[in-house]
Each structure stands twice: as structure tokens, then as C-alpha cells.
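A short worksheet on the structure shown next.
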Amino acid sequence: MKKYIVLLHSLLAILSLTPLFVSATELPKIPLTIGFANLSGDDLSTLVSEDAKILSPLFTRSRVVAAHQIPSAEILFVYAHLNEDGTIKGPTRSGIRQIVQLTNAAIVVLASPNSAISIKNAVTLPGPRTANIVFTLDRNGSGFSRFFKELFEKMQDGKHMLSAWVELAPQNSNANPTYAPQTILLSEGGKIAFPR
């Protein structure tokens, strides 16, 4: 009988240390760095803050740097205005692919809305074609950060980016969720998957 009481005490001690459920804040984070680069300034700082607040908790590391700086990150959100020729407004007039080259990011999202003609011209600019690049036409309010949160959660569950993207934004406008932003995905990096 004494053995059973000792065993029962041991079991109770183990059970008291083991949580009965895991809260959302305790879920494992994506073991990558997400970065936010505001290449414009104050006019886009609100967008940077909104996106960082929603997306940063998914990742082990988040880098939000001062305006006009670019952090090193595997997933990089860029906030900038494009010139009509597709280059980024500013003193250097470089393209989005030069940012890919500079940072070696696997996923680059031009998170600020730009015109269709600027995006069309940006796509044709030279540079490495090694990352999946997303261009934004219309953020659709908070739908933008919701969409990317859901995309990264699907990737965290083991889907590669292209499969997760098609699930969230089927290539049929009638099937897209109402909150989805208007974006263009250049899948030059291919089937990018998160490490598990």
C-alpha cells in the first residue's frame, strides 16, 4: 500500500507540473527573422507599426530598424514608394531585387501600395531572381496583415509558400476572401518552406 501512495504522489507531482493546455502565446515560433524596412519615412511608419505588431509574434526574431535602414532578415517587409520606372524613390534609385541581393532574404514583401505601372516596371528591372517577391497594389486595410499572418501560419504548419498562397488566394477573383489584399507574387524563389 505504501508503494501505491508514493506512486500516486509522484503522479500528482508530475501532473501538477504539466500544463493541461497550451495557450497561443506558447506555440513554437518560426525559427527565422522577420524584418521591417521603412525606406520612405514618417508617411509609412504607421503601416510598419501595424504589420510588426501582428506578424512579429510569429517569429523568434523581429527587426524593426530606423527609417532608411534595411535589416538582415530571411523574411523582409519593405515600405517604399516606387518611381514610375519601377525603382525605389530615394537617392540611389535601386530596385527591389537589389534589396534581395543586399539582404539575401528569401521572401521580400513590398508592403506599401504602389501603382500597377510602377510594379510592372519593377518586375522587369535586373537583379537576382532568388527570392519570392510580393508587390502590393491595395492593402485592403487590416486585411493585409491578416493575410500574411495566415500565410505564415500555414507555412509554419508545413506548407510551402506557393501552396499556402493558393489556398488563401486562389487564382479566381470570386474565390478570394473579402479581406485579401491586392498583391502580385513573383515566385522566383520557388517553393520556399519554413524550417521545422
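Residue numbering restarts at 1 in every chain; chains get A, B, ... in the order shown in the C-alpha cells, and ligands count up from 1 in that same order.
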I'd like the neighbourhood of Ala37 of chain A as a PDB file with C-alpha atoms, in the first residue's frame, where a residue qualifies if any of its atoms comes within 8 Å (using only C-alpha atoms), though same-chain residues fewer than 6 positions away should be ignored.
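Output contents, as saved in around-v9.pdb:
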```
ATOM      1  CA  VAL A  48       5.279  49.407 -40.379  1.00  0.00           C
ATOM      2  CA  VAL A  64      12.326  46.942 -36.910  1.00  0.00           C
ATOM      3  CA  VAL A  65      15.033  49.438 -37.806  1.00  0.00           C
ATOM      4  CA  ALA A  66      15.145  53.220 -38.133  1.00  0.00           C
ATOM      5  CA  ALA A  67      13.814  54.756 -41.349  1.00  0.00           C
ATOM      6  CA  HIS A  68      16.032  54.361 -44.417  1.00  0.00           C
ATOM      7  CA  GLN A  69      17.859  51.332 -42.982  1.00  0.00           C
ATOM      8  CA  ILE A  70      17.500  47.706 -44.070  1.00  0.00           C
ATOM      9  CA  PRO A  71      17.780  44.879 -41.529  1.00  0.00           C
ATOM     10  CA  LEU A  76      11.690  41.210 -45.195  1.00  0.00           C
ATOM     11  CA  PHE A  77       8.805  43.668 -45.404  1.00  0.00           C
ATOM     12  CA  VAL A  78       9.786  46.819 -47.304  1.00  0.00           C
ATOM     13  CA  TYR A  79       7.828  50.077 -47.147  1.00  0.00           C
TER      14      TYR A  79
END
```
Check your understanding: Running DSSP on the backbone, which parts of segment 54-188 of chain A land in helix (DSSP H, G or I), as number ranges by chain?
Key -> A: 54-58, 96-103, 116-124, 143-156, 161-168
Those selected residues, please, written with C-alpha atoms and delivered as an mmCIF file, in the first residue's frame.
```
data_model
loop_
_atom_site.group_PDB
_atom_site.id
_atom_site.type_symbol
_atom_site.label_atom_id
_atom_site.label_comp_id
_atom_site.auth_asym_id
_atom_site.auth_seq_id
_atom_site.Cartn_x
_atom_site.Cartn_y
_atom_site.Cartn_z
ATOM 1 C CA ILE A 54 0.676 41.462 -35.927
ATOM 2 C CA LEU A 55 3.497 39.483 -37.574
ATOM 3 C CA SER A 56 6.461 39.716 -35.173
ATOM 4 C CA PRO A 57 4.992 37.375 -32.515
ATOM 5 C CA LEU A 58 5.080 34.504 -35.037
ATOM 6 C CA ILE A 96 13.617 45.694 -55.159
ATOM 7 C CA ARG A 97 15.969 42.968 -56.432
ATOM 8 C CA GLN A 98 18.954 44.966 -55.185
ATOM 9 C CA ILE A 99 17.398 44.693 -51.719
ATOM 10 C CA VAL A 100 17.154 40.930 -52.247
ATOM 11 C CA GLN A 101 20.815 40.910 -53.242
ATOM 12 C CA LEU A 102 21.847 43.058 -50.273
ATOM 13 C CA THR A 103 19.973 41.048 -47.636
ATOM 14 C CA ALA A 116 0.334 48.860 -61.405
ATOM 15 C CA ILE A 117 2.649 50.596 -63.904
ATOM 16 C CA SER A 118 5.415 51.055 -61.297
ATOM 17 C CA ILE A 119 5.119 47.401 -60.275
ATOM 18 C CA LYS A 120 5.112 46.243 -63.910
ATOM 19 C CA ASN A 121 8.336 48.177 -64.495
ATOM 20 C CA ALA A 122 9.889 46.948 -61.223
ATOM 21 C CA VAL A 123 9.380 43.349 -62.349
ATOM 22 C CA THR A 124 11.469 43.957 -65.480
ATOM 23 C CA GLY A 143 -6.711 42.536 -44.441
ATOM 24 C CA PHE A 144 -3.051 42.847 -45.426
ATOM 25 C CA SER A 145 -1.559 41.823 -42.088
ATOM 26 C CA ARG A 146 -4.305 39.232 -41.545
ATOM 27 C CA PHE A 147 -3.492 37.625 -44.908
ATOM 28 C CA PHE A 148 0.249 37.424 -44.208
ATOM 29 C CA LYS A 149 -0.336 36.146 -40.666
ATOM 30 C CA GLU A 150 -2.485 33.331 -42.065
ATOM 31 C CA LEU A 151 0.071 32.660 -44.829
ATOM 32 C CA PHE A 152 2.928 32.337 -42.334
ATOM 33 C CA GLU A 153 0.812 30.155 -40.019
ATOM 34 C CA LYS A 154 0.124 27.770 -42.917
ATOM 35 C CA MET A 155 3.841 27.719 -43.707
ATOM 36 C CA GLN A 156 4.579 27.074 -40.035
ATOM 37 C CA MET A 161 4.729 29.273 -49.673
ATOM 38 C CA LEU A 162 3.153 28.614 -53.070
ATOM 39 C CA SER A 163 0.664 26.029 -51.734
ATOM 40 C CA ALA A 164 -0.244 28.230 -48.781
ATOM 41 C CA TRP A 165 -0.661 31.230 -51.092
ATOM 42 C CA VAL A 166 -3.008 29.401 -53.463
ATOM 43 C CA GLU A 167 -5.097 28.143 -50.529
ATOM 44 C CA LEU A 168 -5.529 31.685 -49.217
#
```
**Study point:** Asn132 of chain A surroundings by only C-alpha atoms, 10 Å radius, close-in-sequence under 5 positions cut, as a list in words
**Key:** Ile75, Val100, Ala105, Ala106, Ile107, Val108, Val109, Met161, Leu162, Leu185, Leu186, Ser187, Glu188, Gly189, Gly190, Lys191 and Ile192 of chain A
Give me a file of those residues, with C-alpha atoms, as a PDB file, in the first residue's frame.
```pdb
ATOM      1  CA  ILE A  75      11.563  37.497 -44.432  1.00  0.00           C
ATOM      2  CA  VAL A 100      17.154  40.930 -52.247  1.00  0.00           C
ATOM      3  CA  ALA A 105      16.164  37.459 -47.952  1.00  0.00           C
ATOM      4  CA  ALA A 106      14.119  34.507 -49.211  1.00  0.00           C
ATOM      5  CA  ILE A 107      10.809  36.393 -49.085  1.00  0.00           C
ATOM      6  CA  VAL A 108      10.554  40.135 -49.761  1.00  0.00           C
ATOM      7  CA  VAL A 109       7.203  41.903 -49.490  1.00  0.00           C
ATOM      8  CA  MET A 161       4.729  29.273 -49.673  1.00  0.00           C
ATOM      9  CA  LEU A 162       3.153  28.614 -53.070  1.00  0.00           C
ATOM     10  CA  LEU A 185       3.502  37.282 -56.184  1.00  0.00           C
ATOM     11  CA  LEU A 186       6.666  36.687 -58.206  1.00  0.00           C
ATOM     12  CA  SER A 187       7.629  33.174 -57.198  1.00  0.00           C
ATOM     13  CA  GLU A 188      11.246  33.470 -58.299  1.00  0.00           C
ATOM     14  CA  GLY A 189      12.453  31.694 -55.146  1.00  0.00           C
ATOM     15  CA  GLY A 190      10.082  28.779 -55.704  1.00  0.00           C
ATOM     16  CA  LYS A 191       8.560  26.534 -53.069  1.00  0.00           C
ATOM     17  CA  ILE A 192      10.031  28.198 -50.000  1.00  0.00           C
TER      18      ILE A 192
END
```
Review point. Can you list, as a VMD selection string, every protein, DNA or RNA residue that comes within 9 Å of Pro195 of chain A when you count only C-alpha atoms, leaving out same-chain residues fewer than 6 positions away?
Key: chain A and resid 30 to 32 156 158
Practice item. Using DSSP on the backbone, list every residue of segment 21-181 of chain A that comes out as strand (DSSP E), and give them as a PyMOL selection string. Key: chain A and resi 30-38+59-64+75-79+107-110+132-138
Exercise for review: Just give me the gap between atom CA of Gly35 of chain A and atom CA of Ser72 of chain A in Å, one decimal is fine.
Suggested key: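 Going from atom CA of Gly35 of chain A over to atom CA of Ser72 of chain A, I get 7.0 Å.
Around Leu47 of chain A, within 9 Å and counting only C-alpha atoms, the residues found are Ala52, Tyr79, Ala111 and Ser112 of chain A, once anything fewer than 5 positions away on its own chain is removed.
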Practice item. Quote the spacing between atom CA of Pro113 of chain A and atom CA of Leu82 of chain A in Å to one decimal place. Key: 9.2 Å
